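The structure under discussion appears below in the form of structure tokens.
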Amino acid sequence: MDSKASRPDSQLWSADDERAILDSIEQWVEKEVRPIARKFDQADEYPHELVEQMKELGLFGATIGQQYGGLGLPASTYAKIVIKVASAWMAPSGIFNSHLIMASAIERFGTEAQKASFLPRMASGEFRGGIGLTEPNAGTDLQAIRTVAKRDGDSYLVNGAKTWITNSGNGHGILLLVKTDPQAQPRHKGMSLLIAEKGEGFIVANKMKKLGYKAIDSCELVFDNYRVSADRLVGGVEGLGFKQVAGGLELGRINVAARGCGIALGALELSVRYAQERSTFGKPICEHQAIQLKLAEMATQVEAAKLLIEQAARKYDAGERCDMEAAMAKYFGSEAGVFCASEAMRIFGGYSYSTEYEIERYYRDAMLMCIGEGTNEVLRTIIAKQLIARHPV
Ligand SMILES: Cc1cc2nc3c(=O)[nH]c(=O)nc-3n(C[C@H](O)[C@H](O)[C@H](O)COP(=O)(O)OP(=O)(O)OC[C@H]3O[C@@H](n4cnc5c(N)ncnc54)[C@H](O)[C@@H]3O)c2cc1C
């Protein structure tokens, strides 16, 4: 398992390259993403056209290695892209975020045949995926999952259910966490990952109705005697699934940190503008000290979140251990999103409640970042445990 390997492609990108990519993403966000966000969010409608544009931009291959047709971007550049997209509308970043977590697991832990078969199609966006871990009875406690894959000749027969699986309605398949040995002790030794393409027995049972993160499909899935070829077992060895999932958490948490930071930045930008446009008692509200305190706190949290994300991403790119740094970035970035969206609601006063304005969407979208990729409660316990482990007496 190469969880500490550095990412050689990420060294190929210069500061000028990064600037050029971020410029083109910014243009795309302002021209194509921001103008449609409110309409698609309110209609809870999947943005098919944006997906086609994401393919053109190479976003589905952003962190996939160049030998497989991806861009091989450093995580630090990728995080800046995510911050930019999420500052206008967080939801579309989920279309390529979850997909790239699946790709990253295949690239790091898959067999050569699995990489050759899936990564080029994933880099182009022809195959779009997600990650299928959570079940109705098991989210944080993933080792309690009940979906079972039973070996049957050259294939596995899968039965069980997953819930909240992002991209599973409009995507082509998922990375599926299963029990290949439900009796194993410790429990994680009986867990495996399968590359599950849609087919007979892979049933999208229900698109879930959500508070925010609309337009993107999060679905309940049922596996009813779903047959998957044994050569789709990630890495070709049973019992490594839980460790493989854990190995992808650092990039996943940098992703979510960037999405939270993007929400915080977007809420700040809207507030800075509104505070100059809206007047009370004969002056713009930005001249009232109570509003200034909010803007200052919001701006400081945005900048602090960016720095924590950059620190974690740089360590990730260098192949250094960054579980504590990624957890800190995710915890702080997501809480900054909630804080800034909430403060922006107050700055907008009554208009924050109007669906004619954008800010209520940020407020609805923000909380998810505190829950996904490890809840912030659990992340703080990880930070504390790492702190003790790194500083023993
Ligand atoms: C919109 C949306 C999209 C999602 N997309 C995906 C996806 O694509 N793929 C996927 O697999 N999942 C997805 N999820 C699921 C998400 O990852 C889980 O909701 C999350 O892991 C929390 O699990 P849970 O909901 O079962 O909460 P629980 O695990 O039941 O936790 C409930 C509460 O108990 C706390 N808690 C639990 N255990 C501990 C502990 N040991 N110490 C301290 N506190 C603890 C938690 O912090 C939380 O506050 C998505 C969820 C949502 C809402």
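To be explicit about the labels: the chains of the structure tokens are called A, B, and onward in the order shown, and within each one the residues are counted from 1, while ligands get numbers from 1 in the order they are shown.
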
Report as a PDB file with C-alpha atoms, in the first residue's frame which protein, DNA and RNA residues come within 7 Å of ligand 1, using only C-alpha atoms and all ligand atoms.
```pdb
ATOM      1  CA  SER A  98     -16.560  11.960  -5.092  1.00  0.00           C
ATOM      2  CA  GLY A 130     -18.624   7.933  -6.463  1.00  0.00           C
ATOM      3  CA  ILE A 131     -18.032   6.128  -3.201  1.00  0.00           C
ATOM      4  CA  GLY A 132     -20.510   3.730  -1.613  1.00  0.00           C
ATOM      5  CA  LEU A 133     -19.677   3.309   2.050  1.00  0.00           C
ATOM      6  CA  THR A 134     -22.610   4.465   4.192  1.00  0.00           C
ATOM      7  CA  PRO A 136     -28.753   2.897   6.912  1.00  0.00           C
ATOM      8  CA  ASN A 137     -27.233   1.466  10.115  1.00  0.00           C
ATOM      9  CA  ALA A 138     -23.583   2.439   9.572  1.00  0.00           C
ATOM     10  CA  GLY A 139     -22.002   5.807   8.822  1.00  0.00           C
ATOM     11  CA  THR A 140     -19.239   6.706  11.258  1.00  0.00           C
ATOM     12  CA  ASP A 141     -18.996   3.073  12.365  1.00  0.00           C
ATOM     13  CA  THR A 163     -27.645   5.185   1.505  1.00  0.00           C
ATOM     14  CA  TRP A 164     -26.714   8.805   0.766  1.00  0.00           C
ATOM     15  CA  ILE A 165     -24.500   7.778  -2.174  1.00  0.00           C
ATOM     16  CA  THR A 166     -23.575  10.891  -4.142  1.00  0.00           C
ATOM     17  CA  ASN A 167     -23.399  10.613  -7.946  1.00  0.00           C
ATOM     18  CA  LYS A 210     -32.227  17.181   1.053  1.00  0.00           C
ATOM     19  CA  TYR A 213     -26.560  20.242  -1.757  1.00  0.00           C
ATOM     20  CA  SER A 218     -27.603  11.374  -3.376  1.00  0.00           C
ATOM     21  CA  LEU A 368     -23.096  19.107   5.130  1.00  0.00           C
ATOM     22  CA  ILE A 371     -20.848  15.832   8.464  1.00  0.00           C
ATOM     23  CA  GLY A 372     -19.313  14.260   5.327  1.00  0.00           C
ATOM     24  CA  GLU A 373     -15.830  12.632   5.188  1.00  0.00           C
ATOM     25  CA  GLY A 374     -15.830  12.120   8.950  1.00  0.00           C
ATOM     26  CA  THR A 375     -17.992  14.194  11.247  1.00  0.00           C
ATOM     27  CA  ASN A 376     -16.243  17.083  12.948  1.00  0.00           C
ATOM     28  CA  GLU A 377     -16.828  15.399  16.315  1.00  0.00           C
ATOM     29  CA  VAL A 378     -14.871  12.344  15.215  1.00  0.00           C
TER      30      VAL A 378
END
```

Could you pull the residues within 9 Å of Gly110 of chain A, counting only C-alpha atoms, minus those fewer than 3 positions along the same chain, as number ranges by chain? A: 105-107, 113-115, 232-236

Expected file: the selected residues, N, CA and C atoms, as a CSV table (one decimal), in the first residue's frame:
```csv
chain,number,residue,atom,x,y,z
A,105,ALA,N,-8.5,5.9,-5.2
A,105,ALA,CA,-8.4,4.6,-4.6
A,105,ALA,C,-8.0,3.6,-5.6
A,106,ILE,N,-8.5,3.7,-6.9
A,106,ILE,CA,-8.1,2.7,-7.9
A,106,ILE,C,-6.6,2.9,-8.3
A,107,GLU,N,-6.3,4.2,-8.4
A,107,GLU,CA,-4.9,4.5,-8.8
A,107,GLU,C,-3.9,4.1,-7.7
A,113,ALA,N,-4.4,-4.0,-14.3
A,113,ALA,CA,-5.6,-4.2,-15.2
A,113,ALA,C,-6.7,-3.2,-14.8
A,114,GLN,N,-7.0,-3.1,-13.5
A,114,GLN,CA,-8.1,-2.2,-13.1
A,114,GLN,C,-7.7,-0.7,-13.4
A,115,LYS,N,-6.5,-0.3,-13.2
A,115,LYS,CA,-6.1,1.0,-13.6
A,115,LYS,C,-6.2,1.3,-15.1
A,232,ARG,N,-12.8,-7.4,-10.3
A,232,ARG,CA,-13.1,-6.0,-9.8
A,232,ARG,C,-12.9,-5.8,-8.3
A,233,LEU,N,-12.3,-6.8,-7.7
A,233,LEU,CA,-11.9,-6.6,-6.3
A,233,LEU,C,-10.7,-5.7,-6.3
A,234,VAL,N,-10.8,-4.5,-5.6
A,234,VAL,CA,-9.7,-3.6,-5.7
A,234,VAL,C,-8.4,-4.2,-5.1
A,235,GLY,N,-7.4,-4.2,-5.9
A,235,GLY,CA,-6.1,-4.8,-5.5
A,235,GLY,C,-6.0,-6.3,-5.6
A,236,GLY,N,-7.1,-6.9,-5.8
A,236,GLY,CA,-7.1,-8.4,-6.0
A,236,GLY,C,-7.0,-9.2,-4.8
```

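Distances here use only C-alpha atoms; by that measure, the residue among A:Ile382, A:Ala312, A:Leu50, A:Val245 closest to Ile101 of chain A is A:Val245.
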
Env of Glu297 of chain A: 9 Å cut, atoms = only C-alpha atoms, seq-sep filter 5 positions within chain, self excluded. Answer as a PyMOL selection string. chain A and resi 292+302+340

Which residues of segment 76-151 of chain A come within 8 Å of segment 176-200 of chain A, and for each one, what is the closest pair of atoms and their distance in Å to one decimal, counting only C-alpha atoms, sorted by chain and residue number, as a tab-separated table?
```
residue	atom	partner	partner_atom	distance
A:Ile131	CA	A:Leu176	CA	6.5
A:Gly132	CA	A:Leu176	CA	4.8
A:Leu133	CA	A:Leu177	CA	5.3
A:Gln143	CA	A:His188	CA	5.9
A:Ala144	CA	A:Arg187	CA	7.9
A:Ile145	CA	A:Val178	CA	7.3
A:Arg146	CA	A:Lys179	CA	6.9
A:Thr147	CA	A:Val178	CA	5.2
A:Val148	CA	A:Lys179	CA	4.7
A:Ala149	CA	A:Thr180	CA	5.1
A:Lys150	CA	A:Thr180	CA	6.2
A:Arg151	CA	A:Thr180	CA	7.8
```

Any chance you could tabulate, as a tab-separated table, the residues of segment 316-369 of chain A at most 10 Å from segment 63-77 of chain A with each one's nearest atom pair and distance in Å to one decimal, using only C-alpha atoms, in chain and rising number order?
```
residue	atom	partner	partner_atom	distance
A:Tyr316	CA	A:Ala75	CA	7.1
A:Asp317	CA	A:Pro74	CA	6.1
A:Ala318	CA	A:Pro74	CA	9.5
```

Only N, CA and C atoms, please: the residues just picked out, written as a short mmCIF file (atom, residue, chain, number, x, y, z; two decimals), in the first residue's frame.
```cif
data_model
loop_
_atom_site.label_atom_id
_atom_site.label_comp_id
_atom_site.auth_asym_id
_atom_site.auth_seq_id
_atom_site.Cartn_x
_atom_site.Cartn_y
_atom_site.Cartn_z
N TYR A 316 0.50 16.29 1.54
CA TYR A 316 -0.06 15.18 0.76
C TYR A 316 0.73 15.00 -0.53
N ASP A 317 0.99 16.09 -1.23
CA ASP A 317 1.73 16.02 -2.50
C ASP A 317 3.15 15.51 -2.31
N ALA A 318 3.73 15.84 -1.16
CA ALA A 318 5.11 15.39 -0.89
C ALA A 318 5.15 13.95 -0.39
#
```

Between A:Lys55, A:Arg321, A:Lys84, A:Lys214, which has the minimum distance to Val33 of chain A (counting only C-alpha atoms)? A:Lys84

Taking the backbone alone, and naming residues the way the document does, which bits of segment 125-169 of chain A are strand (DSSP E) by DSSP, as an MDAnalysis selection string? chainID A and resid 129:132 148:152 155:166

Go ahead and write the residues just picked, C-alpha atoms, as a short mmCIF file (atom, residue, chain, number, x, y, z; two decimals), in the first residue's frame.
```
data_model
loop_
_atom_site.label_atom_id
_atom_site.label_comp_id
_atom_site.auth_asym_id
_atom_site.auth_seq_id
_atom_site.Cartn_x
_atom_site.Cartn_y
_atom_site.Cartn_z
CA GLY A 129 -18.32 7.43 -10.18
CA GLY A 130 -18.62 7.93 -6.46
CA ILE A 131 -18.03 6.13 -3.20
CA GLY A 132 -20.51 3.73 -1.61
CA VAL A 148 -22.16 -8.89 1.82
CA ALA A 149 -20.26 -10.05 -1.27
CA LYS A 150 -20.18 -13.85 -1.49
CA ARG A 151 -17.66 -15.48 -3.79
CA ASP A 152 -19.40 -17.54 -6.49
CA SER A 155 -17.56 -13.49 -9.47
CA TYR A 156 -19.10 -12.10 -6.30
CA LEU A 157 -22.79 -12.04 -5.55
CA VAL A 158 -23.63 -8.83 -3.65
CA ASN A 159 -26.67 -8.29 -1.40
CA GLY A 160 -27.35 -5.29 0.81
CA ALA A 161 -28.21 -1.60 0.81
CA LYS A 162 -26.34 1.72 0.78
CA THR A 163 -27.64 5.19 1.51
CA TRP A 164 -26.71 8.80 0.77
CA ILE A 165 -24.50 7.78 -2.17
CA THR A 166 -23.58 10.89 -4.14
#
```

Measuring between only C-alpha atoms, which one of A:Ala329, A:Ala304, A:Val237, A:Ala215 shows the shortest distance to Phe40 of chain A? A:Ala215

Here atom CA of Leu387 of chain A and atom CA of Leu240 of chain A stand apart by 26.5 Å

With a distance cut-off of 12 Å and only C-alpha atoms, select the neighbouring residues of Ile36 of chain A, excluding the residue or stretch itself and same-chain residues fewer than 6 positions from it, and output the selection as a compact mmCIF listing (two decimals) with N, CA and C atoms, in the first residue's frame.
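Full text of selection-v2.txt as output:
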```
# COMPACT_ATOMS: atom_id res chain seq x y z
N TRP A 28 -14.79 30.18 -16.24
CA TRP A 28 -15.89 29.21 -16.39
C TRP A 28 -16.92 29.39 -15.27
N VAL A 29 -16.42 29.53 -14.04
CA VAL A 29 -17.33 29.67 -12.89
C VAL A 29 -18.21 30.91 -13.06
N GLU A 30 -17.59 32.03 -13.45
CA GLU A 30 -18.38 33.27 -13.55
C GLU A 30 -19.34 33.25 -14.73
N GLN A 42 -32.88 25.46 -6.93
CA GLN A 42 -34.28 25.51 -6.51
C GLN A 42 -35.13 24.44 -7.20
N ALA A 43 -34.75 24.10 -8.44
CA ALA A 43 -35.50 23.05 -9.15
C ALA A 43 -34.98 21.65 -8.76
N ASP A 44 -33.89 21.61 -8.00
CA ASP A 44 -33.22 20.34 -7.65
C ASP A 44 -32.98 19.52 -8.92
N GLU A 45 -32.41 20.22 -9.92
CA GLU A 45 -32.25 19.61 -11.25
C GLU A 45 -30.76 19.38 -11.54
N TYR A 46 -30.44 18.21 -12.02
CA TYR A 46 -29.04 17.86 -12.29
C TYR A 46 -28.49 18.71 -13.44
N PRO A 47 -27.32 19.33 -13.26
CA PRO A 47 -26.80 20.25 -14.29
C PRO A 47 -26.00 19.52 -15.39
N HIS A 48 -26.72 18.85 -16.29
CA HIS A 48 -26.06 18.03 -17.32
C HIS A 48 -25.07 18.84 -18.15
N GLU A 49 -25.46 20.09 -18.49
CA GLU A 49 -24.56 20.90 -19.33
C GLU A 49 -23.24 21.20 -18.63
N LEU A 50 -23.32 21.46 -17.32
CA LEU A 50 -22.08 21.70 -16.57
C LEU A 50 -21.18 20.48 -16.62
N ALA A 88 -18.95 29.91 -5.66
CA ALA A 88 -20.13 30.31 -6.43
C ALA A 88 -21.30 29.37 -6.16
N TRP A 89 -21.00 28.06 -6.12
CA TRP A 89 -22.05 27.05 -5.88
C TRP A 89 -21.34 25.77 -5.47
N ALA A 91 -22.49 22.71 -4.77
CA ALA A 91 -22.96 21.39 -5.20
C ALA A 91 -22.19 20.79 -6.39
N PRO A 92 -21.92 21.55 -7.46
CA PRO A 92 -21.25 20.90 -8.60
C PRO A 92 -19.86 20.35 -8.27
N ALA A 215 -29.60 19.53 -6.53
CA ALA A 215 -29.25 19.33 -7.93
C ALA A 215 -28.33 18.13 -8.12
N GLU A 358 -29.01 34.93 -3.14
CA GLU A 358 -28.22 33.70 -3.19
C GLU A 358 -27.88 33.17 -1.80
```

Which is closer to Ser124 of chain A than all the others in A:Glu52, A:Glu112, A:Asp231, A:Glu303, using only C-alpha atoms? A:Glu52

d(atom CA of Leu293 of chain A, atom CA of Gln311 of chain A) in Å: 27.2 Å

Find the residue from A:Ala275, A:Ile25, A:Ala15, A:Met345 that sits nearest to Glu56 of chain A; use only C-alpha atoms when measuring. A:Ile25
